[in-house]
Amino acid sequence: SQFRVGALKFPNHFRVDAGDFFGVGGEQDSLKSAFMVEAMDKLGYDVVPLGEREFNFGQAFLLDCLKKTRIEVVSSNLFYADTKKPFVKPYVIRKVGPVRVAFFGLLGKDSKIRTLASERALEVKDPVETAKALIPELRRKADVIVLLSHLGLTDGQRLTLEAPGIDVMVFGHQVGLFREITKTNGVINTRGGDRGQYLPNVHLVVEDGKIASYDGDVVTLDDKVPADPEM
């Protein structure tokens, strides 16, 4: 998904994902997954959350792939079980001129995180309680709060009721597509399908630190979009 903030004369967009961009398992999928991260870097992705599939080849493989890129990785409710320290950054804040945009990511409580025998165990904390605790902090630091949700559709919509304050939610985890930008429980929603076939665009107009209006569309990446020779 891609977000534009205002109609400014400098770069004013963010490219994001909702997790599960790794393959299922096996050497062939590990090669594809490493290539996918490299491709996402070339495409200019800014922020991604972690889904459970990102752990299919081990924590070291995941972190090694991502440290070679400019992509920022967030997961707000994923912690080391022993030290209770976060596995990656819980959130990042990016600026577009005077506008501050906070991105955070949540995993579903029932996420099955694969852990190799040599690795430290990980713990997924309750996403609703995490959001309730984190949103006030993000609201103090940012004008716009974006959740990169790896909760699934029903849990994500329930979270917006129980943890108000999110401005935009990008749905992941379950395959599905919203063919237009929608708004539910006061939260702007987008759900981008799978296999990179669609590109949802959300355009936000921010005035005096608040979203004054929004629009957007969903671009179908069909044969009308020419292939990129380098990719």
# chains A, B, ... in the order shown; residues from 1 in each chain; ligands from 1

$ residues_around --residues "A:Glu27" --least-positions-apart "4" --cutoff "9 Å" --atoms "only C-alpha atoms" --output "ChimeraX atom specification"
/A:31-32,57

$ write_last_selection --atoms "C-alpha atoms" --output "mmCIF file, in the first residue's frame"
data_model
loop_
_atom_site.group_PDB
_atom_site.id
_atom_site.type_symbol
_atom_site.label_atom_id
_atom_site.label_comp_id
_atom_site.auth_asym_id
_atom_site.auth_seq_id
_atom_site.Cartn_x
_atom_site.Cartn_y
_atom_site.Cartn_z
ATOM 1 C CA LEU A 31 16.046 -17.965 -1.817
ATOM 2 C CA LYS A 32 12.760 -16.469 -2.992
ATOM 3 C CA PHE A 57 13.854 -19.702 8.134
#

$ select_by_dssp --residues "stretch 12-231 of chain A" --states "strand (DSSP E or B)" --output "PDB file with N, CA, C and O atoms, in the first residue's frame"
ATOM      1  N   HIS A  13       5.300  10.474   0.236  1.00  0.00           N
ATOM      2  CA  HIS A  13       4.581   9.210   0.269  1.00  0.00           C
ATOM      3  C   HIS A  13       5.384   8.160   1.039  1.00  0.00           C
ATOM      4  O   HIS A  13       6.594   8.277   1.190  1.00  0.00           O
ATOM      5  N   PHE A  14       4.673   7.160   1.528  1.00  0.00           N
ATOM      6  CA  PHE A  14       5.280   6.036   2.222  1.00  0.00           C
ATOM      7  C   PHE A  14       4.749   4.751   1.595  1.00  0.00           C
ATOM      8  O   PHE A  14       3.551   4.639   1.340  1.00  0.00           O
ATOM      9  N   ARG A  15       5.621   3.812   1.377  1.00  0.00           N
ATOM     10  CA  ARG A  15       5.216   2.501   0.858  1.00  0.00           C
ATOM     11  C   ARG A  15       5.333   1.482   1.988  1.00  0.00           C
ATOM     12  O   ARG A  15       6.391   1.363   2.619  1.00  0.00           O
ATOM     13  N   VAL A  16       4.266   0.746   2.218  1.00  0.00           N
ATOM     14  CA  VAL A  16       4.218  -0.164   3.364  1.00  0.00           C
ATOM     15  C   VAL A  16       3.649  -1.517   2.948  1.00  0.00           C
ATOM     16  O   VAL A  16       3.060  -1.665   1.876  1.00  0.00           O
ATOM     17  N   VAL A  47       8.261   0.965   5.451  1.00  0.00           N
ATOM     18  CA  VAL A  47       8.019   0.306   6.728  1.00  0.00           C
ATOM     19  C   VAL A  47       7.237  -0.980   6.488  1.00  0.00           C
ATOM     20  O   VAL A  47       6.275  -1.001   5.717  1.00  0.00           O
ATOM     21  N   VAL A  48       7.651  -2.062   7.162  1.00  0.00           N
ATOM     22  CA  VAL A  48       6.913  -3.326   7.110  1.00  0.00           C
ATOM     23  C   VAL A  48       6.790  -3.885   8.525  1.00  0.00           C
ATOM     24  O   VAL A  48       7.683  -3.697   9.349  1.00  0.00           O
ATOM     25  N   PRO A  49       5.696  -4.589   8.822  1.00  0.00           N
ATOM     26  CA  PRO A  49       5.590  -5.322  10.086  1.00  0.00           C
ATOM     27  C   PRO A  49       6.026  -6.762   9.868  1.00  0.00           C
ATOM     28  O   PRO A  49       6.272  -7.180   8.729  1.00  0.00           O
ATOM     29  N   GLU A  72      12.416  -0.174   7.247  1.00  0.00           N
ATOM     30  CA  GLU A  72      12.287  -0.225   8.700  1.00  0.00           C
ATOM     31  C   GLU A  72      11.256  -1.291   9.063  1.00  0.00           C
ATOM     32  O   GLU A  72      10.211  -1.416   8.426  1.00  0.00           O
ATOM     33  N   VAL A  73      11.572  -2.062  10.103  1.00  0.00           N
ATOM     34  CA  VAL A  73      10.733  -3.184  10.511  1.00  0.00           C
ATOM     35  C   VAL A  73      10.157  -2.901  11.888  1.00  0.00           C
ATOM     36  O   VAL A  73      10.880  -2.505  12.804  1.00  0.00           O
ATOM     37  N   VAL A  74       8.838  -3.114  12.028  1.00  0.00           N
ATOM     38  CA  VAL A  74       8.184  -2.839  13.310  1.00  0.00           C
ATOM     39  C   VAL A  74       7.348  -4.034  13.750  1.00  0.00           C
ATOM     40  O   VAL A  74       6.812  -4.771  12.926  1.00  0.00           O
ATOM     41  N   LEU A  78       5.698  -8.117  19.895  1.00  0.00           N
ATOM     42  CA  LEU A  78       6.570  -9.295  19.806  1.00  0.00           C
ATOM     43  C   LEU A  78       7.819  -9.057  20.657  1.00  0.00           C
ATOM     44  O   LEU A  78       8.580  -8.121  20.408  1.00  0.00           O
ATOM     45  N   PHE A  79       8.014  -9.924  21.655  1.00  0.00           N
ATOM     46  CA  PHE A  79       9.087  -9.739  22.629  1.00  0.00           C
ATOM     47  C   PHE A  79       9.862 -11.041  22.825  1.00  0.00           C
ATOM     48  O   PHE A  79       9.339 -12.136  22.593  1.00  0.00           O
ATOM     49  N   TYR A  80      11.122 -10.895  23.269  1.00  0.00           N
ATOM     50  CA  TYR A  80      11.869 -12.066  23.733  1.00  0.00           C
ATOM     51  C   TYR A  80      11.223 -12.556  25.029  1.00  0.00           C
ATOM     52  O   TYR A  80      10.942 -11.759  25.937  1.00  0.00           O
ATOM     53  N   PRO A  86      11.713  -5.941  23.303  1.00  0.00           N
ATOM     54  CA  PRO A  86      11.118  -6.091  21.971  1.00  0.00           C
ATOM     55  C   PRO A  86      12.081  -6.738  20.982  1.00  0.00           C
ATOM     56  O   PRO A  86      13.290  -6.487  21.024  1.00  0.00           O
ATOM     57  N   LYS A  89      11.912  -2.828  16.592  1.00  0.00           N
ATOM     58  CA  LYS A  89      11.303  -1.573  17.033  1.00  0.00           C
ATOM     59  C   LYS A  89       9.781  -1.726  17.153  1.00  0.00           C
ATOM     60  O   LYS A  89       9.147  -2.302  16.268  1.00  0.00           O
ATOM     61  N   TYR A  91       7.693   0.751  16.992  1.00  0.00           N
ATOM     62  CA  TYR A  91       7.107   1.707  16.048  1.00  0.00           C
ATOM     63  C   TYR A  91       8.200   2.594  15.479  1.00  0.00           C
ATOM     64  O   TYR A  91       9.321   2.645  16.011  1.00  0.00           O
ATOM     65  N   VAL A  92       7.870   3.282  14.396  1.00  0.00           N
ATOM     66  CA  VAL A  92       8.755   4.306  13.846  1.00  0.00           C
ATOM     67  C   VAL A  92       7.913   5.533  13.532  1.00  0.00           C
ATOM     68  O   VAL A  92       6.709   5.427  13.258  1.00  0.00           O
ATOM     69  N   ILE A  93       8.539   6.679  13.573  1.00  0.00           N
ATOM     70  CA  ILE A  93       7.872   7.934  13.226  1.00  0.00           C
ATOM     71  C   ILE A  93       8.636   8.585  12.088  1.00  0.00           C
ATOM     72  O   ILE A  93       9.847   8.794  12.191  1.00  0.00           O
ATOM     73  N   ARG A  94       7.940   8.844  11.009  1.00  0.00           N
ATOM     74  CA  ARG A  94       8.531   9.469   9.830  1.00  0.00           C
ATOM     75  C   ARG A  94       7.877  10.828   9.619  1.00  0.00           C
ATOM     76  O   ARG A  94       6.689  11.013   9.906  1.00  0.00           O
ATOM     77  N   LYS A  95       8.652  11.767   9.075  1.00  0.00           N
ATOM     78  CA  LYS A  95       8.134  13.124   8.874  1.00  0.00           C
ATOM     79  C   LYS A  95       7.972  13.435   7.399  1.00  0.00           C
ATOM     80  O   LYS A  95       8.783  13.034   6.567  1.00  0.00           O
ATOM     81  N   VAL A  96       6.904  14.139   7.085  1.00  0.00           N
ATOM     82  CA  VAL A  96       6.683  14.717   5.761  1.00  0.00           C
ATOM     83  C   VAL A  96       6.486  16.195   5.988  1.00  0.00           C
ATOM     84  O   VAL A  96       5.400  16.636   6.359  1.00  0.00           O
ATOM     85  N   VAL A  99       4.423  17.307   9.075  1.00  0.00           N
ATOM     86  CA  VAL A  99       3.512  16.240   9.482  1.00  0.00           C
ATOM     87  C   VAL A  99       4.303  15.021   9.958  1.00  0.00           C
ATOM     88  O   VAL A  99       5.189  14.522   9.266  1.00  0.00           O
ATOM     89  N   ARG A 100       3.939  14.530  11.137  1.00  0.00           N
ATOM     90  CA  ARG A 100       4.588  13.351  11.715  1.00  0.00           C
ATOM     91  C   ARG A 100       3.636  12.156  11.604  1.00  0.00           C
ATOM     92  O   ARG A 100       2.483  12.246  12.033  1.00  0.00           O
ATOM     93  N   VAL A 101       4.160  11.064  11.035  1.00  0.00           N
ATOM     94  CA  VAL A 101       3.352   9.864  10.827  1.00  0.00           C
ATOM     95  C   VAL A 101       3.983   8.716  11.602  1.00  0.00           C
ATOM     96  O   VAL A 101       5.159   8.401  11.410  1.00  0.00           O
ATOM     97  N   ALA A 102       3.195   8.095  12.484  1.00  0.00           N
ATOM     98  CA  ALA A 102       3.664   6.956  13.279  1.00  0.00           C
ATOM     99  C   ALA A 102       3.159   5.666  12.652  1.00  0.00           C
ATOM    100  O   ALA A 102       1.976   5.541  12.318  1.00  0.00           O
ATOM    101  N   PHE A 103       4.051   4.691  12.497  1.00  0.00           N
ATOM    102  CA  PHE A 103       3.705   3.369  11.992  1.00  0.00           C
ATOM    103  C   PHE A 103       3.995   2.342  13.093  1.00  0.00           C
ATOM    104  O   PHE A 103       5.098   2.310  13.630  1.00  0.00           O
ATOM    105  N   PHE A 104       3.001   1.512  13.414  1.00  0.00           N
ATOM    106  CA  PHE A 104       3.259   0.407  14.330  1.00  0.00           C
ATOM    107  C   PHE A 104       2.607  -0.855  13.790  1.00  0.00           C
ATOM    108  O   PHE A 104       1.727  -0.806  12.935  1.00  0.00           O
ATOM    109  N   GLY A 105       3.092  -2.007  14.250  1.00  0.00           N
ATOM    110  CA  GLY A 105       2.611  -3.277  13.741  1.00  0.00           C
ATOM    111  C   GLY A 105       2.178  -4.198  14.864  1.00  0.00           C
ATOM    112  O   GLY A 105       2.747  -4.176  15.950  1.00  0.00           O
ATOM    113  N   LEU A 106       1.152  -4.998  14.592  1.00  0.00           N
ATOM    114  CA  LEU A 106       0.652  -5.940  15.588  1.00  0.00           C
ATOM    115  C   LEU A 106       0.458  -7.317  14.981  1.00  0.00           C
ATOM    116  O   LEU A 106      -0.071  -7.454  13.873  1.00  0.00           O
ATOM    117  N   LEU A 107       0.874  -8.329  15.724  1.00  0.00           N
ATOM    118  CA  LEU A 107       0.623  -9.723  15.396  1.00  0.00           C
ATOM    119  C   LEU A 107      -0.585 -10.225  16.174  1.00  0.00           C
ATOM    120  O   LEU A 107      -0.846  -9.765  17.300  1.00  0.00           O
ATOM    121  N   LEU A 122      10.217 -16.506  21.602  1.00  0.00           N
ATOM    122  CA  LEU A 122       9.542 -15.225  21.452  1.00  0.00           C
ATOM    123  C   LEU A 122       8.133 -15.314  22.023  1.00  0.00           C
ATOM    124  O   LEU A 122       7.514 -16.378  22.037  1.00  0.00           O
ATOM    125  N   GLU A 123       7.633 -14.184  22.472  1.00  0.00           N
ATOM    126  CA  GLU A 123       6.297 -14.103  23.063  1.00  0.00           C
ATOM    127  C   GLU A 123       5.482 -13.044  22.340  1.00  0.00           C
ATOM    128  O   GLU A 123       5.959 -11.932  22.106  1.00  0.00           O
ATOM    129  N   VAL A 124       4.242 -13.389  21.969  1.00  0.00           N
ATOM    130  CA  VAL A 124       3.322 -12.429  21.350  1.00  0.00           C
ATOM    131  C   VAL A 124       2.365 -11.934  22.428  1.00  0.00           C
ATOM    132  O   VAL A 124       1.559 -12.706  22.952  1.00  0.00           O
ATOM    133  N   VAL A 144      -0.481  11.566  12.687  1.00  0.00           N
ATOM    134  CA  VAL A 144      -1.215  10.479  12.037  1.00  0.00           C
ATOM    135  C   VAL A 144      -0.681   9.153  12.564  1.00  0.00           C
ATOM    136  O   VAL A 144       0.542   8.956  12.633  1.00  0.00           O
ATOM    137  N   ILE A 145      -1.582   8.237  12.921  1.00  0.00           N
ATOM    138  CA  ILE A 145      -1.193   6.917  13.414  1.00  0.00           C
ATOM    139  C   ILE A 145      -1.667   5.858  12.424  1.00  0.00           C
ATOM    140  O   ILE A 145      -2.858   5.768  12.122  1.00  0.00           O
ATOM    141  N   VAL A 146      -0.717   5.059  11.933  1.00  0.00           N
ATOM    142  CA  VAL A 146      -1.009   4.012  10.957  1.00  0.00           C
ATOM    143  C   VAL A 146      -0.673   2.661  11.581  1.00  0.00           C
ATOM    144  O   VAL A 146       0.451   2.437  12.028  1.00  0.00           O
ATOM    145  N   LEU A 147      -1.656   1.763  11.591  1.00  0.00           N
ATOM    146  CA  LEU A 147      -1.430   0.393  12.069  1.00  0.00           C
ATOM    147  C   LEU A 147      -1.240  -0.531  10.875  1.00  0.00           C
ATOM    148  O   LEU A 147      -2.112  -0.630  10.005  1.00  0.00           O
ATOM    149  N   LEU A 148      -0.109  -1.211  10.836  1.00  0.00           N
ATOM    150  CA  LEU A 148       0.146  -2.266   9.871  1.00  0.00           C
ATOM    151  C   LEU A 148      -0.277  -3.563  10.557  1.00  0.00           C
ATOM    152  O   LEU A 148       0.459  -4.131  11.353  1.00  0.00           O
ATOM    153  N   SER A 149      -1.492  -3.992  10.261  1.00  0.00           N
ATOM    154  CA  SER A 149      -2.160  -5.008  11.055  1.00  0.00           C
ATOM    155  C   SER A 149      -1.950  -6.401  10.492  1.00  0.00           C
ATOM    156  O   SER A 149      -2.329  -6.674   9.346  1.00  0.00           O
ATOM    157  N   HIS A 150      -1.387  -7.284  11.316  1.00  0.00           N
ATOM    158  CA  HIS A 150      -1.281  -8.693  10.951  1.00  0.00           C
ATOM    159  C   HIS A 150      -2.190  -9.493  11.888  1.00  0.00           C
ATOM    160  O   HIS A 150      -1.779 -10.493  12.486  1.00  0.00           O
ATOM    161  N   VAL A 168      -5.347   5.126  10.342  1.00  0.00           N
ATOM    162  CA  VAL A 168      -5.340   4.303   9.131  1.00  0.00           C
ATOM    163  C   VAL A 168      -4.905   2.894   9.507  1.00  0.00           C
ATOM    164  O   VAL A 168      -3.983   2.715  10.313  1.00  0.00           O
ATOM    165  N   MET A 169      -5.562   1.890   8.901  1.00  0.00           N
ATOM    166  CA  MET A 169      -5.165   0.507   9.132  1.00  0.00           C
ATOM    167  C   MET A 169      -4.957  -0.195   7.796  1.00  0.00           C
ATOM    168  O   MET A 169      -5.809  -0.138   6.912  1.00  0.00           O
ATOM    169  N   VAL A 170      -3.807  -0.866   7.673  1.00  0.00           N
ATOM    170  CA  VAL A 170      -3.518  -1.703   6.514  1.00  0.00           C
ATOM    171  C   VAL A 170      -3.671  -3.153   6.962  1.00  0.00           C
ATOM    172  O   VAL A 170      -2.944  -3.614   7.831  1.00  0.00           O
ATOM    173  N   PHE A 171      -4.635  -3.868   6.370  1.00  0.00           N
ATOM    174  CA  PHE A 171      -4.925  -5.235   6.779  1.00  0.00           C
ATOM    175  C   PHE A 171      -3.986  -6.220   6.114  1.00  0.00           C
ATOM    176  O   PHE A 171      -3.683  -6.109   4.927  1.00  0.00           O
ATOM    177  N   LEU A 177      -9.078  -8.516  -0.573  1.00  0.00           N
ATOM    178  CA  LEU A 177      -8.874  -7.229  -1.230  1.00  0.00           C
ATOM    179  C   LEU A 177     -10.076  -6.328  -0.996  1.00  0.00           C
ATOM    180  O   LEU A 177     -11.220  -6.749  -1.146  1.00  0.00           O
ATOM    181  N   THR A 182     -11.962   2.246   2.278  1.00  0.00           N
ATOM    182  CA  THR A 182     -13.157   2.304   3.110  1.00  0.00           C
ATOM    183  C   THR A 182     -12.836   2.933   4.469  1.00  0.00           C
ATOM    184  O   THR A 182     -11.672   3.166   4.807  1.00  0.00           O
ATOM    185  N   LYS A 183     -13.894   3.186   5.228  1.00  0.00           N
ATOM    186  CA  LYS A 183     -13.724   3.711   6.579  1.00  0.00           C
ATOM    187  C   LYS A 183     -14.666   2.959   7.508  1.00  0.00           C
ATOM    188  O   LYS A 183     -15.879   2.902   7.256  1.00  0.00           O
ATOM    189  N   THR A 184     -14.098   2.355   8.557  1.00  0.00           N
ATOM    190  CA  THR A 184     -14.871   1.573   9.511  1.00  0.00           C
ATOM    191  C   THR A 184     -14.493   1.998  10.925  1.00  0.00           C
ATOM    192  O   THR A 184     -13.303   2.090  11.246  1.00  0.00           O
ATOM    193  N   VAL A 187     -11.900   4.572  11.211  1.00  0.00           N
ATOM    194  CA  VAL A 187     -10.535   4.260  10.769  1.00  0.00           C
ATOM    195  C   VAL A 187     -10.536   4.025   9.261  1.00  0.00           C
ATOM    196  O   VAL A 187     -11.337   3.240   8.747  1.00  0.00           O
ATOM    197  N   ILE A 188      -9.630   4.692   8.548  1.00  0.00           N
ATOM    198  CA  ILE A 188      -9.475   4.494   7.105  1.00  0.00           C
ATOM    199  C   ILE A 188      -8.803   3.141   6.882  1.00  0.00           C
ATOM    200  O   ILE A 188      -7.761   2.866   7.466  1.00  0.00           O
ATOM    201  N   ASN A 189      -9.404   2.304   6.030  1.00  0.00           N
ATOM    202  CA  ASN A 189      -8.927   0.933   5.845  1.00  0.00           C
ATOM    203  C   ASN A 189      -8.481   0.666   4.418  1.00  0.00           C
ATOM    204  O   ASN A 189      -9.068   1.183   3.468  1.00  0.00           O
ATOM    205  N   THR A 190      -7.466  -0.173   4.294  1.00  0.00           N
ATOM    206  CA  THR A 190      -7.096  -0.700   2.993  1.00  0.00           C
ATOM    207  C   THR A 190      -6.626  -2.141   3.177  1.00  0.00           C
ATOM    208  O   THR A 190      -6.020  -2.491   4.195  1.00  0.00           O
ATOM    209  N   ARG A 191      -6.953  -2.958   2.191  1.00  0.00           N
ATOM    210  CA  ARG A 191      -6.600  -4.381   2.229  1.00  0.00           C
ATOM    211  C   ARG A 191      -6.163  -4.752   0.820  1.00  0.00           C
ATOM    212  O   ARG A 191      -6.959  -4.740  -0.115  1.00  0.00           O
ATOM    213  N   GLY A 192      -4.876  -5.051   0.640  1.00  0.00           N
ATOM    214  CA  GLY A 192      -4.268  -5.044  -0.679  1.00  0.00           C
ATOM    215  C   GLY A 192      -4.209  -6.341  -1.438  1.00  0.00           C
ATOM    216  O   GLY A 192      -3.499  -6.428  -2.429  1.00  0.00           O
ATOM    217  N   TYR A 198      -2.155  -5.804  -6.742  1.00  0.00           N
ATOM    218  CA  TYR A 198      -2.880  -4.544  -6.581  1.00  0.00           C
ATOM    219  C   TYR A 198      -2.043  -3.574  -5.749  1.00  0.00           C
ATOM    220  O   TYR A 198      -1.256  -3.983  -4.900  1.00  0.00           O
ATOM    221  N   LEU A 199      -2.262  -2.290  -5.981  1.00  0.00           N
ATOM    222  CA  LEU A 199      -1.577  -1.257  -5.218  1.00  0.00           C
ATOM    223  C   LEU A 199      -2.612  -0.260  -4.695  1.00  0.00           C
ATOM    224  O   LEU A 199      -3.041   0.634  -5.414  1.00  0.00           O
ATOM    225  N   PRO A 200      -3.050  -0.428  -3.440  1.00  0.00           N
ATOM    226  CA  PRO A 200      -3.942   0.564  -2.850  1.00  0.00           C
ATOM    227  C   PRO A 200      -3.185   1.855  -2.548  1.00  0.00           C
ATOM    228  O   PRO A 200      -2.052   1.823  -2.058  1.00  0.00           O
ATOM    229  N   ASN A 201      -3.806   2.978  -2.846  1.00  0.00           N
ATOM    230  CA  ASN A 201      -3.241   4.295  -2.556  1.00  0.00           C
ATOM    231  C   ASN A 201      -4.182   5.041  -1.623  1.00  0.00           C
ATOM    232  O   ASN A 201      -5.376   5.148  -1.910  1.00  0.00           O
ATOM    233  N   VAL A 202      -3.654   5.543  -0.525  1.00  0.00           N
ATOM    234  CA  VAL A 202      -4.430   6.360   0.397  1.00  0.00           C
ATOM    235  C   VAL A 202      -3.808   7.755   0.412  1.00  0.00           C
ATOM    236  O   VAL A 202      -2.606   7.894   0.653  1.00  0.00           O
ATOM    237  N   HIS A 203      -4.618   8.762   0.147  1.00  0.00           N
ATOM    238  CA  HIS A 203      -4.150  10.144   0.122  1.00  0.00           C
ATOM    239  C   HIS A 203      -4.776  10.892   1.293  1.00  0.00           C
ATOM    240  O   HIS A 203      -6.005  11.007   1.389  1.00  0.00           O
ATOM    241  N   LEU A 204      -3.945  11.380   2.192  1.00  0.00           N
ATOM    242  CA  LEU A 204      -4.404  12.103   3.370  1.00  0.00           C
ATOM    243  C   LEU A 204      -4.097  13.584   3.240  1.00  0.00           C
ATOM    244  O   LEU A 204      -2.989  13.954   2.847  1.00  0.00           O
ATOM    245  N   VAL A 205      -5.046  14.422   3.578  1.00  0.00           N
ATOM    246  CA  VAL A 205      -4.818  15.858   3.693  1.00  0.00           C
ATOM    247  C   VAL A 205      -4.817  16.197   5.183  1.00  0.00           C
ATOM    248  O   VAL A 205      -5.817  15.995   5.875  1.00  0.00           O
ATOM    249  N   VAL A 206      -3.675  16.662   5.680  1.00  0.00           N
ATOM    250  CA  VAL A 206      -3.510  16.945   7.105  1.00  0.00           C
ATOM    251  C   VAL A 206      -3.419  18.441   7.318  1.00  0.00           C
ATOM    252  O   VAL A 206      -2.572  19.117   6.718  1.00  0.00           O
ATOM    253  N   GLU A 207      -4.295  18.963   8.148  1.00  0.00           N
ATOM    254  CA  GLU A 207      -4.312  20.386   8.477  1.00  0.00           C
ATOM    255  C   GLU A 207      -4.336  20.549   9.994  1.00  0.00           C
ATOM    256  O   GLU A 207      -5.133  19.902  10.679  1.00  0.00           O
ATOM    257  N   LYS A 210      -4.245  17.365  12.076  1.00  0.00           N
ATOM    258  CA  LYS A 210      -5.336  16.398  12.013  1.00  0.00           C
ATOM    259  C   LYS A 210      -5.678  16.107  10.557  1.00  0.00           C
ATOM    260  O   LYS A 210      -5.473  16.938   9.677  1.00  0.00           O
ATOM    261  N   ILE A 211      -6.223  14.907  10.319  1.00  0.00           N
ATOM    262  CA  ILE A 211      -6.642  14.547   8.967  1.00  0.00           C
ATOM    263  C   ILE A 211      -7.910  15.323   8.631  1.00  0.00           C
ATOM    264  O   ILE A 211      -8.960  15.129   9.259  1.00  0.00           O
ATOM    265  N   ALA A 212      -7.809  16.216   7.652  1.00  0.00           N
ATOM    266  CA  ALA A 212      -8.958  17.026   7.244  1.00  0.00           C
ATOM    267  C   ALA A 212      -9.823  16.298   6.223  1.00  0.00           C
ATOM    268  O   ALA A 212     -11.046  16.453   6.215  1.00  0.00           O
ATOM    269  N   SER A 213      -9.181  15.508   5.359  1.00  0.00           N
ATOM    270  CA  SER A 213      -9.920  14.742   4.365  1.00  0.00           C
ATOM    271  C   SER A 213      -9.019  13.633   3.839  1.00  0.00           C
ATOM    272  O   SER A 213      -7.811  13.624   4.085  1.00  0.00           O
ATOM    273  N   TYR A 214      -9.628  12.719   3.109  1.00  0.00           N
ATOM    274  CA  TYR A 214      -8.850  11.631   2.516  1.00  0.00           C
ATOM    275  C   TYR A 214      -9.550  11.148   1.261  1.00  0.00           C
ATOM    276  O   TYR A 214     -10.751  11.341   1.066  1.00  0.00           O
ATOM    277  N   ASP A 215      -8.785  10.530   0.384  1.00  0.00           N
ATOM    278  CA  ASP A 215      -9.341   9.802  -0.747  1.00  0.00           C
ATOM    279  C   ASP A 215      -8.320   8.740  -1.138  1.00  0.00           C
ATOM    280  O   ASP A 215      -7.323   8.546  -0.452  1.00  0.00           O
ATOM    281  N   GLY A 216      -8.561   8.050  -2.216  1.00  0.00           N
ATOM    282  CA  GLY A 216      -7.630   7.020  -2.644  1.00  0.00           C
ATOM    283  C   GLY A 216      -8.259   6.106  -3.663  1.00  0.00           C
ATOM    284  O   GLY A 216      -9.446   6.211  -3.986  1.00  0.00           O
ATOM    285  N   ASP A 217      -7.447   5.200  -4.190  1.00  0.00           N
ATOM    286  CA  ASP A 217      -7.929   4.235  -5.156  1.00  0.00           C
ATOM    287  C   ASP A 217      -7.089   2.971  -5.052  1.00  0.00           C
ATOM    288  O   ASP A 217      -6.124   2.911  -4.289  1.00  0.00           O
ATOM    289  N   VAL A 218      -7.493   1.961  -5.799  1.00  0.00           N
ATOM    290  CA  VAL A 218      -6.761   0.702  -5.838  1.00  0.00           C
ATOM    291  C   VAL A 218      -6.371   0.441  -7.280  1.00  0.00           C
ATOM    292  O   VAL A 218      -7.231   0.244  -8.147  1.00  0.00           O
ATOM    293  N   VAL A 219      -5.079   0.451  -7.553  1.00  0.00           N
ATOM    294  CA  VAL A 219      -4.560   0.258  -8.905  1.00  0.00           C
ATOM    295  C   VAL A 219      -4.355  -1.232  -9.148  1.00  0.00           C
ATOM    296  O   VAL A 219      -3.730  -1.924  -8.336  1.00  0.00           O
ATOM    297  N   THR A 220      -4.885  -1.730 -10.244  1.00  0.00           N
ATOM    298  CA  THR A 220      -4.652  -3.111 -10.645  1.00  0.00           C
ATOM    299  C   THR A 220      -3.386  -3.187 -11.484  1.00  0.00           C
ATOM    300  O   THR A 220      -3.270  -2.509 -12.506  1.00  0.00           O
TER     301      THR A 220
END

$ closest_residue --among "A:Asp143, A:Lys224, A:Pro136, A:Asp41" --to "A:Lys68" --atoms "only C-alpha atoms"
A:Asp41

$ closest_residue --among "A:Glu38, A:Asp222, A:Glu129, A:Asp228" --to "A:Glu162" --atoms "only C-alpha atoms"
A:Glu129

$ closest_residue --among "A:Pro164, A:Asp17, A:Glu137, A:Ala142" --to "A:Pro98" --atoms "only C-alpha atoms"
A:Ala142

$ closest_residue --among "A:Asn77, A:Ser111, A:Asn12, A:Thr83" --to "A:Lys132" --atoms "only C-alpha atoms"
A:Asn77

$ atom_distance --atom1 "atom CA of A:Ile135" --atom2 "atom CA of A:Phe22"
28.3 Å

$ closest_residue --among "A:Asn185, A:Glu52, A:Val175, A:Val128" --to "A:Ala163" --atoms "only C-alpha atoms"
A:Val128

$ decode --residues "stretch 122-130 of chain A" --atoms "N, CA and C atoms" --output "PDB file, in the first residue's frame"
ATOM      1  N   LEU A 122      10.217 -16.506  21.602  1.00  0.00           N
ATOM      2  CA  LEU A 122       9.542 -15.225  21.452  1.00  0.00           C
ATOM      3  C   LEU A 122       8.133 -15.314  22.023  1.00  0.00           C
ATOM      4  N   GLU A 123       7.633 -14.184  22.472  1.00  0.00           N
ATOM      5  CA  GLU A 123       6.297 -14.103  23.063  1.00  0.00           C
ATOM      6  C   GLU A 123       5.482 -13.044  22.340  1.00  0.00           C
ATOM      7  N   VAL A 124       4.242 -13.389  21.969  1.00  0.00           N
ATOM      8  CA  VAL A 124       3.322 -12.429  21.350  1.00  0.00           C
ATOM      9  C   VAL A 124       2.365 -11.934  22.428  1.00  0.00           C
ATOM     10  N   LYS A 125       2.454 -10.667  22.760  1.00  0.00           N
ATOM     11  CA  LYS A 125       1.572 -10.110  23.791  1.00  0.00           C
ATOM     12  C   LYS A 125       0.227  -9.733  23.180  1.00  0.00           C
ATOM     13  N   ASP A 126      -0.756  -9.588  24.029  1.00  0.00           N
ATOM     14  CA  ASP A 126      -2.109  -9.307  23.574  1.00  0.00           C
ATOM     15  C   ASP A 126      -2.135  -8.020  22.732  1.00  0.00           C
ATOM     16  N   PRO A 127      -2.617  -8.095  21.481  1.00  0.00           N
ATOM     17  CA  PRO A 127      -2.567  -6.920  20.611  1.00  0.00           C
ATOM     18  C   PRO A 127      -3.461  -5.775  21.068  1.00  0.00           C
ATOM     19  N   VAL A 128      -4.624  -6.095  21.636  1.00  0.00           N
ATOM     20  CA  VAL A 128      -5.529  -5.036  22.091  1.00  0.00           C
ATOM     21  C   VAL A 128      -4.916  -4.277  23.255  1.00  0.00           C
ATOM     22  N   GLU A 129      -4.392  -5.006  24.233  1.00  0.00           N
ATOM     23  CA  GLU A 129      -3.768  -4.337  25.382  1.00  0.00           C
ATOM     24  C   GLU A 129      -2.530  -3.558  24.956  1.00  0.00           C
ATOM     25  N   THR A 130      -1.776  -4.104  24.015  1.00  0.00           N
ATOM     26  CA  THR A 130      -0.604  -3.388  23.502  1.00  0.00           C
ATOM     27  C   THR A 130      -1.019  -2.084  22.845  1.00  0.00           C
TER      28      THR A 130
END
